[in-house]
file query.txt (compact mmCIF, C-alpha atoms and all ligand atoms)
# COMPACT_ATOMS: atom_id res chain seq x y z
CA MET A 1 -105.22 -12.73 23.94
CA GLU A 2 -108.28 -14.47 25.28
CA LYS A 3 -108.16 -15.96 28.76
CA ILE A 4 -109.69 -18.67 30.87
CA ILE A 5 -111.93 -17.42 33.66
CA LEU A 6 -112.69 -19.68 36.60
CA VAL A 7 -115.99 -18.55 38.06
CA ILE A 8 -116.08 -19.80 41.63
CA ILE A 9 -119.76 -20.12 42.49
CA SER A 10 -119.59 -21.79 45.90
CA ASN A 11 -117.06 -21.93 48.72
CA ILE A 12 -113.96 -23.86 47.70
CA ASP A 13 -110.69 -24.05 49.61
CA SER A 14 -108.33 -21.53 48.00
CA ARG A 15 -105.54 -24.11 47.69
CA TYR A 16 -107.60 -25.95 45.07
CA VAL A 17 -108.31 -22.73 43.20
CA THR A 18 -104.59 -21.91 43.22
CA ALA A 19 -103.69 -25.39 41.96
CA LEU A 20 -106.27 -25.16 39.17
CA LYS A 21 -105.06 -21.76 38.05
CA ALA A 22 -101.46 -22.98 37.82
CA ILE A 23 -102.18 -26.18 35.90
CA LEU A 24 -104.59 -24.54 33.46
CA GLU A 25 -102.12 -21.74 32.69
CA THR A 26 -99.38 -24.28 31.95
CA THR A 27 -101.53 -26.72 30.00
CA PHE A 28 -103.38 -24.22 27.84
CA ASP A 29 -100.79 -21.45 27.66
CA ARG A 30 -103.41 -18.85 28.57
CA GLY A 31 -103.85 -16.45 31.46
CA VAL A 32 -106.31 -17.69 34.07
CA GLU A 33 -108.46 -15.21 35.97
CA ILE A 34 -110.40 -16.06 39.10
CA SER A 35 -113.82 -14.54 39.53
CA TYR A 36 -115.66 -15.14 42.80
CA GLN A 37 -119.40 -15.06 42.21
CA ILE A 38 -120.73 -16.80 45.26
CA GLY A 39 -124.43 -16.27 45.55
CA ASP A 40 -127.79 -17.90 45.68
CA LEU A 41 -127.91 -20.94 43.40
CA LYS A 42 -131.59 -21.64 43.97
CA TYR A 43 -132.24 -21.12 40.26
CA ALA A 44 -130.28 -24.31 39.51
CA TYR A 45 -131.43 -26.41 42.46
CA ASP A 46 -133.57 -29.48 41.89
CA HIS A 47 -135.05 -30.49 45.23
CA THR A 48 -136.48 -33.75 43.93
CA ARG A 49 -132.88 -34.93 43.44
CA ASN A 50 -131.07 -32.65 45.89
CA GLN A 51 -128.68 -31.75 43.08
CA TYR A 52 -127.95 -28.76 40.91
CA LEU A 53 -128.75 -28.69 37.23
CA SER A 54 -125.59 -27.99 35.25
CA PRO A 55 -127.30 -26.62 32.10
CA ARG A 56 -128.82 -23.84 34.23
CA LEU A 57 -125.34 -22.89 35.43
CA LEU A 58 -124.21 -22.80 31.78
CA SER A 59 -127.12 -20.47 30.95
CA ARG A 60 -126.05 -18.15 33.75
CA LEU A 61 -122.45 -18.18 32.49
CA ARG A 62 -123.70 -17.32 29.02
CA ARG A 63 -125.18 -14.13 30.43
CA ILE A 64 -122.08 -13.05 32.35
CA LYS A 65 -119.62 -13.79 29.54
CA LYS A 66 -118.22 -10.55 28.15
CA ALA A 67 -115.30 -10.99 25.74
CA SER A 68 -116.44 -13.52 23.18
CA ASN A 69 -113.20 -15.47 23.02
CA ASP A 70 -112.74 -16.02 26.74
CA LYS A 71 -113.45 -19.49 28.13
CA LEU A 72 -115.50 -19.55 31.33
CA MET A 73 -115.75 -22.48 33.71
CA ALA A 74 -118.00 -22.42 36.78
CA VAL A 75 -116.40 -24.32 39.67
CA THR A 76 -118.48 -25.63 42.54
CA ASN A 77 -118.43 -28.13 45.39
CA LEU A 78 -122.15 -28.76 44.85
CA ASP A 79 -123.38 -31.99 43.30
CA LEU A 80 -124.27 -31.42 39.64
CA TYR A 81 -126.32 -33.38 37.17
CA SER A 82 -127.43 -33.08 33.61
CA PRO A 83 -130.49 -34.75 32.03
CA GLY A 84 -129.72 -38.40 31.35
CA TYR A 85 -127.01 -38.70 34.03
CA ASP A 86 -127.10 -39.58 37.72
CA PHE A 87 -124.40 -36.99 38.32
CA ILE A 88 -121.65 -35.27 36.36
CA TYR A 89 -118.15 -34.07 37.16
CA GLY A 90 -118.55 -31.37 34.58
CA GLU A 91 -120.06 -30.36 31.30
CA ALA A 92 -118.88 -28.25 28.38
CA ASP A 93 -120.73 -26.08 25.90
CA VAL A 94 -117.94 -26.02 23.36
CA LYS A 95 -119.56 -23.59 20.94
CA ALA A 96 -120.20 -21.03 23.69
CA GLY A 97 -116.81 -21.61 25.37
CA LEU A 98 -118.44 -22.45 28.69
CA ALA A 99 -118.07 -25.30 31.14
CA THR A 100 -119.00 -26.45 34.62
CA LEU A 101 -116.87 -28.40 37.07
CA SER A 102 -118.08 -30.07 40.26
CA ILE A 103 -115.54 -31.26 42.79
CA ASN A 104 -118.32 -32.77 44.93
CA ARG A 105 -117.66 -36.43 44.13
CA LEU A 106 -113.91 -36.27 43.75
CA MET A 107 -112.90 -36.30 47.43
CA GLY A 108 -110.79 -39.33 48.35
CA SER A 109 -109.65 -40.66 51.69
CA THR A 110 -106.40 -42.08 53.01
CA ALA A 111 -106.07 -45.61 54.42
CA ASP A 112 -107.02 -44.30 57.87
CA GLY A 113 -110.14 -42.60 56.58
CA LEU A 114 -108.88 -39.00 56.61
CA PRO A 115 -109.50 -36.71 53.64
CA ASP A 116 -106.72 -37.22 51.11
CA THR A 117 -106.13 -33.69 49.85
CA CYS A 118 -103.35 -34.75 47.43
CA LEU A 119 -105.60 -37.25 45.71
CA PHE A 120 -108.45 -34.74 45.76
CA THR A 121 -106.26 -32.09 44.12
CA GLU A 122 -105.08 -34.52 41.43
CA ARG A 123 -108.65 -35.50 40.57
CA ILE A 124 -109.85 -31.89 40.45
CA ILE A 125 -106.96 -31.00 38.15
CA ARG A 126 -107.74 -33.91 35.81
CA GLU A 127 -111.42 -33.04 35.52
CA ALA A 128 -110.63 -29.35 35.03
CA VAL A 129 -108.15 -30.10 32.24
CA HIS A 130 -110.75 -32.45 30.71
CA GLU A 131 -113.50 -29.79 30.59
CA VAL A 132 -111.24 -26.95 29.46
CA GLY A 133 -109.73 -29.43 26.95
CA HIS A 134 -113.18 -29.70 25.38
CA LEU A 135 -113.32 -25.90 25.15
CA TYR A 136 -110.09 -26.00 23.13
CA GLY A 137 -111.47 -28.57 20.72
CA LEU A 138 -110.47 -31.87 22.31
CA VAL A 139 -112.92 -34.76 22.09
CA HIS A 140 -113.15 -37.92 24.18
CA CYS A 141 -110.10 -40.15 23.93
CA LYS A 142 -109.92 -43.95 23.94
CA ASN A 143 -106.65 -44.01 25.88
CA PRO A 144 -107.65 -44.96 29.46
CA LYS A 145 -104.67 -43.07 30.93
CA CYS A 146 -105.46 -39.82 29.10
CA VAL A 147 -107.46 -37.12 30.91
CA MET A 148 -109.74 -36.80 27.87
CA ARG A 149 -111.17 -40.27 28.46
CA THR A 150 -114.75 -40.39 29.71
CA CYS A 151 -114.96 -40.88 33.46
CA THR A 152 -118.04 -42.09 35.24
CA CYS A 153 -116.44 -42.85 38.62
CA ALA A 154 -113.46 -41.76 40.73
CA ALA A 155 -111.50 -44.94 39.90
CA GLU A 156 -111.59 -43.95 36.24
CA VAL A 157 -110.47 -40.43 37.12
CA ASP A 158 -107.54 -41.98 39.00
CA GLU A 159 -106.64 -44.16 36.02
CA ALA A 160 -106.42 -41.07 33.78
CA GLY A 161 -103.22 -40.12 35.56
CA ASN A 162 -100.94 -39.40 32.64
CA GLY A 163 -102.29 -35.99 31.66
CA LEU A 164 -103.00 -35.55 27.97
CA CYS A 165 -101.82 -38.39 25.72
CA ASP A 166 -99.52 -37.56 22.78
CA GLY A 167 -102.45 -37.51 20.34
CA CYS A 168 -104.54 -35.10 22.42
CA LEU A 169 -101.49 -32.94 23.13
CA HIS A 170 -100.79 -32.71 19.42
CA THR A 171 -104.38 -31.69 18.68
CA LEU A 172 -104.34 -29.16 21.52
CA ASN A 173 -101.11 -27.55 20.35
CA ALA A 174 -102.53 -27.24 16.84
CA ASN A 175 -105.71 -25.67 18.26
CA LEU A 176 -103.83 -23.22 20.49
CA THR A 177 -101.83 -21.60 17.71
ZN ZN B 1 -115.87 -35.00 28.40
ZN ZN B 2 -105.92 -38.59 24.68
call {"tool": "encode", "arguments": {"input": "query.txt", "output": "structure tokens"}}
result
Amino acid sequence: MEKIILVIISNIDSRYVTALKAILETTFDRGVEISYQIGDLKYAYDHTRNQYLSPRLLSRLRRIKKASNDKLMAVTNLDLYSPGYDFIYGEADVKAGLATLSINRLMGSTADGLPDTCLFTERIIREAVHEVGHLYGLVHCKNPKCVMRTCTCAAEVDEAGNGLCDGCLHTLNANLT
């Protein structure tokens, strides 16, 4: 059976990687493999914006993808953008089975200004399920509490707290069989 491969392309705390692996395995009923490919990302860097161009990361993934049915998602803490957007949390090339995920803008803080790792983990999980959801045929959802809604800011990511709505879950289950 095909699997989901998380390609970790920059340093990310292993607890987030572990959390992602667990939630993706449960949600998509597929094995999740972790592949550390931390290296020079100069090829994707845009110094006029001090951001990394997501489509270039997708091109790189296209070259490293071996089994044609596997889904690959590059995960980074770097700030990503795509033409037409100020920044993106992630991007999917559905046809190729490839996605990117940036956790850069998902960090939250507690009332006393400390990093809120629980909130951070929840947001990362939601965005990861969203991008991998696209790879399994889900499209954007109008339900504001569903993770397949479009999110342009962290408050919207927080609102999407109910996982996949019944409609998206139904579509996913049909697509997974
Ligand atoms: Zn989307
Ligand atoms: Zn939905």
call {"tool": "residues_near_ligand", "arguments": {"input": "query.txt", "ligand": "ligand ZN 1 (chain B)", "cutoff": "8 Å", "atoms": "only C-alpha atoms and all ligand atoms", "output": "MDAnalysis selection string"}}
result
chainID A and resid 90:92 130:131 134 139:140 148:151
call {"tool": "residues_around", "arguments": {"input": "query.txt", "residues": "stretch 17-26 of chain A", "least_positions_apart": "4", "cutoff": "8 Å", "atoms": "all atoms listed in the file", "output": "ChimeraX atom specification"}}
result
/A:12-13,30-34,121,124-125,128-129
call {"tool": "closest_residue", "arguments": {"input": "query.txt", "among": "A:Gly39, A:Gly108, A:Gly167, A:Gly97", "to": "A:Lys71", "atoms": "all atoms listed in the file"}}
result
A:Gly97
call {"tool": "closest_residue", "arguments": {"input": "query.txt", "among": "A:Val157, A:Ala67, A:Leu138, A:Cys118", "to": "ligand ZN 2 (chain B)", "atoms": "only C-alpha atoms and all ligand atoms"}}
result
A:Leu138
call {"tool": "closest_residue", "arguments": {"input": "query.txt", "among": "A:Gly137, A:Thr110, A:Leu57, A:Lys65", "to": "A:Lys95", "atoms": "all atoms listed in the file"}}
result
A:Gly137
call {"tool": "residues_near_ligand", "arguments": {"input": "query.txt", "ligand": "ligand ZN 2 (chain B)", "cutoff": "7 Å", "atoms": "all atoms listed in the file", "output": "VMD selection string"}}
result
chain A and resid 141 to 143 146 to 149 164 to 168
call {"tool": "residues_around", "arguments": {"input": "query.txt", "residues": "A:Val75", "least_positions_apart": "6", "cutoff": "7 Å", "atoms": "only C-alpha atoms", "output": "ChimeraX atom specification"}}
result
/A:6-9,100-102
call {"tool": "closest_residue", "arguments": {"input": "query.txt", "among": "A:Asn69, A:Ala99, A:Ser14, A:Asp86", "to": "A:Pro55", "atoms": "all atoms listed in the file"}}
result
A:Ala99
call {"tool": "closest_residue", "arguments": {"input": "query.txt", "among": "A:Asn104, A:Ser82, A:Thr117, A:Ser10", "to": "A:Arg49", "atoms": "all atoms listed in the file"}}
result
A:Ser82
call {"tool": "closest_residue", "arguments": {"input": "query.txt", "among": "A:Lys145, A:Lys3, A:Asp116, A:Leu61", "to": "A:Phe28", "atoms": "all atoms listed in the file"}}
result
A:Lys3
call {"tool": "closest_atom_pairs", "arguments": {"input": "query.txt", "of": "stretch 59-144 of chain A", "to": "stretch 41-44 of chain A", "cutoff": "10 Å", "atoms": "all atoms listed in the file", "output": "Markdown table"}}
result
| residue | atom | partner | partner_atom | distance |
| --- | --- | --- | --- | --- |
| A:Ser59 | CA | A:Ala44 | CA | 9.9 |
| A:Arg60 | CA | A:Ala44 | CA | 9.4 |
| A:Leu78 | CA | A:Leu41 | CA | 9.8 |
| A:Leu80 | CA | A:Ala44 | CA | 9.3 |
call {"tool": "atom_distance", "arguments": {"input": "query.txt", "atom1": "atom CA of A:Leu72", "atom2": "atom CA of A:Leu98"}}
result
4.9 Å
call {"tool": "build_atoms", "arguments": {"input": "query.txt", "residues": "stretch 39-69 of chain A", "atoms": "N, CA and C atoms", "output": "PDB file, in the frame of the given file"}}
result
ATOM      1  N   GLY A  39    -123.109 -16.833  45.290  1.00  0.00           N
ATOM      2  CA  GLY A  39    -124.430 -16.270  45.550  1.00  0.00           C
ATOM      3  C   GLY A  39    -125.461 -17.373  45.639  1.00  0.00           C
ATOM      4  N   ASP A  40    -126.692 -16.959  45.575  1.00  0.00           N
ATOM      5  CA  ASP A  40    -127.790 -17.900  45.680  1.00  0.00           C
ATOM      6  C   ASP A  40    -127.891 -18.750  44.409  1.00  0.00           C
ATOM      7  N   LEU A  41    -127.848 -20.057  44.567  1.00  0.00           N
ATOM      8  CA  LEU A  41    -127.910 -20.940  43.400  1.00  0.00           C
ATOM      9  C   LEU A  41    -129.263 -21.650  43.306  1.00  0.00           C
ATOM     10  N   LYS A  42    -130.245 -21.049  43.954  1.00  0.00           N
ATOM     11  CA  LYS A  42    -131.590 -21.640  43.970  1.00  0.00           C
ATOM     12  C   LYS A  42    -132.114 -21.899  42.547  1.00  0.00           C
ATOM     13  N   TYR A  43    -131.743 -21.006  41.638  1.00  0.00           N
ATOM     14  CA  TYR A  43    -132.240 -21.120  40.260  1.00  0.00           C
ATOM     15  C   TYR A  43    -131.820 -22.440  39.602  1.00  0.00           C
ATOM     16  N   ALA A  44    -130.757 -23.055  40.119  1.00  0.00           N
ATOM     17  CA  ALA A  44    -130.280 -24.310  39.510  1.00  0.00           C
ATOM     18  C   ALA A  44    -130.599 -25.529  40.357  1.00  0.00           C
ATOM     19  N   TYR A  45    -131.220 -25.307  41.519  1.00  0.00           N
ATOM     20  CA  TYR A  45    -131.430 -26.410  42.460  1.00  0.00           C
ATOM     21  C   TYR A  45    -132.651 -27.243  42.104  1.00  0.00           C
ATOM     22  N   ASP A  46    -132.471 -28.555  42.123  1.00  0.00           N
ATOM     23  CA  ASP A  46    -133.570 -29.480  41.890  1.00  0.00           C
ATOM     24  C   ASP A  46    -133.816 -30.240  43.186  1.00  0.00           C
ATOM     25  N   HIS A  47    -134.885 -29.870  43.912  1.00  0.00           N
ATOM     26  CA  HIS A  47    -135.050 -30.490  45.230  1.00  0.00           C
ATOM     27  C   HIS A  47    -135.572 -31.909  45.170  1.00  0.00           C
ATOM     28  N   THR A  48    -136.089 -32.342  44.018  1.00  0.00           N
ATOM     29  CA  THR A  48    -136.480 -33.750  43.930  1.00  0.00           C
ATOM     30  C   THR A  48    -135.238 -34.649  43.935  1.00  0.00           C
ATOM     31  N   ARG A  49    -134.113 -34.139  43.488  1.00  0.00           N
ATOM     32  CA  ARG A  49    -132.880 -34.930  43.440  1.00  0.00           C
ATOM     33  C   ARG A  49    -131.832 -34.436  44.423  1.00  0.00           C
ATOM     34  N   ASN A  50    -132.063 -33.291  45.040  1.00  0.00           N
ATOM     35  CA  ASN A  50    -131.070 -32.650  45.890  1.00  0.00           C
ATOM     36  C   ASN A  50    -129.742 -32.468  45.153  1.00  0.00           C
ATOM     37  N   GLN A  51    -129.855 -32.003  43.917  1.00  0.00           N
ATOM     38  CA  GLN A  51    -128.680 -31.750  43.080  1.00  0.00           C
ATOM     39  C   GLN A  51    -128.914 -30.450  42.318  1.00  0.00           C
ATOM     40  N   TYR A  52    -127.861 -29.993  41.684  1.00  0.00           N
ATOM     41  CA  TYR A  52    -127.950 -28.760  40.910  1.00  0.00           C
ATOM     42  C   TYR A  52    -127.834 -29.089  39.421  1.00  0.00           C
ATOM     43  N   LEU A  53    -128.656 -28.411  38.651  1.00  0.00           N
ATOM     44  CA  LEU A  53    -128.750 -28.690  37.230  1.00  0.00           C
ATOM     45  C   LEU A  53    -127.671 -27.895  36.468  1.00  0.00           C
ATOM     46  N   SER A  54    -126.717 -28.632  35.938  1.00  0.00           N
ATOM     47  CA  SER A  54    -125.590 -27.990  35.250  1.00  0.00           C
ATOM     48  C   SER A  54    -125.990 -27.095  34.080  1.00  0.00           C
ATOM     49  N   PRO A  55    -126.933 -27.502  33.219  1.00  0.00           N
ATOM     50  CA  PRO A  55    -127.300 -26.620  32.100  1.00  0.00           C
ATOM     51  C   PRO A  55    -127.790 -25.240  32.545  1.00  0.00           C
ATOM     52  N   ARG A  56    -128.376 -25.167  33.744  1.00  0.00           N
ATOM     53  CA  ARG A  56    -128.820 -23.840  34.230  1.00  0.00           C
ATOM     54  C   ARG A  56    -127.610 -22.984  34.608  1.00  0.00           C
ATOM     55  N   LEU A  57    -126.568 -23.639  35.115  1.00  0.00           N
ATOM     56  CA  LEU A  57    -125.340 -22.890  35.430  1.00  0.00           C
ATOM     57  C   LEU A  57    -124.706 -22.387  34.126  1.00  0.00           C
ATOM     58  N   LEU A  58    -124.759 -23.222  33.090  1.00  0.00           N
ATOM     59  CA  LEU A  58    -124.210 -22.800  31.780  1.00  0.00           C
ATOM     60  C   LEU A  58    -124.988 -21.602  31.237  1.00  0.00           C
ATOM     61  N   SER A  59    -126.322 -21.628  31.415  1.00  0.00           N
ATOM     62  CA  SER A  59    -127.120 -20.470  30.950  1.00  0.00           C
ATOM     63  C   SER A  59    -126.715 -19.199  31.662  1.00  0.00           C
ATOM     64  N   ARG A  60    -126.465 -19.325  32.980  1.00  0.00           N
ATOM     65  CA  ARG A  60    -126.050 -18.150  33.750  1.00  0.00           C
ATOM     66  C   ARG A  60    -124.701 -17.645  33.262  1.00  0.00           C
ATOM     67  N   LEU A  61    -123.780 -18.575  32.995  1.00  0.00           N
ATOM     68  CA  LEU A  61    -122.450 -18.180  32.490  1.00  0.00           C
ATOM     69  C   LEU A  61    -122.572 -17.447  31.159  1.00  0.00           C
ATOM     70  N   ARG A  62    -123.488 -17.928  30.339  1.00  0.00           N
ATOM     71  CA  ARG A  62    -123.700 -17.320  29.020  1.00  0.00           C
ATOM     72  C   ARG A  62    -124.022 -15.837  29.172  1.00  0.00           C
ATOM     73  N   ARG A  63    -124.779 -15.525  30.220  1.00  0.00           N
ATOM     74  CA  ARG A  63    -125.180 -14.130  30.430  1.00  0.00           C
ATOM     75  C   ARG A  63    -124.046 -13.270  30.980  1.00  0.00           C
ATOM     76  N   ILE A  64    -123.131 -13.882  31.765  1.00  0.00           N
ATOM     77  CA  ILE A  64    -122.080 -13.050  32.350  1.00  0.00           C
ATOM     78  C   ILE A  64    -120.823 -12.981  31.477  1.00  0.00           C
ATOM     79  N   LYS A  65    -120.800 -13.769  30.405  1.00  0.00           N
ATOM     80  CA  LYS A  65    -119.620 -13.790  29.540  1.00  0.00           C
ATOM     81  C   LYS A  65    -119.513 -12.482  28.749  1.00  0.00           C
ATOM     82  N   LYS A  66    -118.380 -11.840  28.836  1.00  0.00           N
ATOM     83  CA  LYS A  66    -118.220 -10.550  28.150  1.00  0.00           C
ATOM     84  C   LYS A  66    -117.432 -10.719  26.859  1.00  0.00           C
ATOM     85  N   ALA A  67    -116.100 -10.839  26.956  1.00  0.00           N
ATOM     86  CA  ALA A  67    -115.300 -10.990  25.740  1.00  0.00           C
ATOM     87  C   ALA A  67    -115.638 -12.341  25.096  1.00  0.00           C
ATOM     88  N   SER A  68    -115.908 -12.313  23.808  1.00  0.00           N
ATOM     89  CA  SER A  68    -116.440 -13.520  23.180  1.00  0.00           C
ATOM     90  C   SER A  68    -115.449 -14.672  23.099  1.00  0.00           C
ATOM     91  N   ASN A  69    -114.160 -14.374  23.146  1.00  0.00           N
ATOM     92  CA  ASN A  69    -113.200 -15.470  23.020  1.00  0.00           C
ATOM     93  C   ASN A  69    -112.768 -16.088  24.340  1.00  0.00           C
TER      94      ASN A  69
END
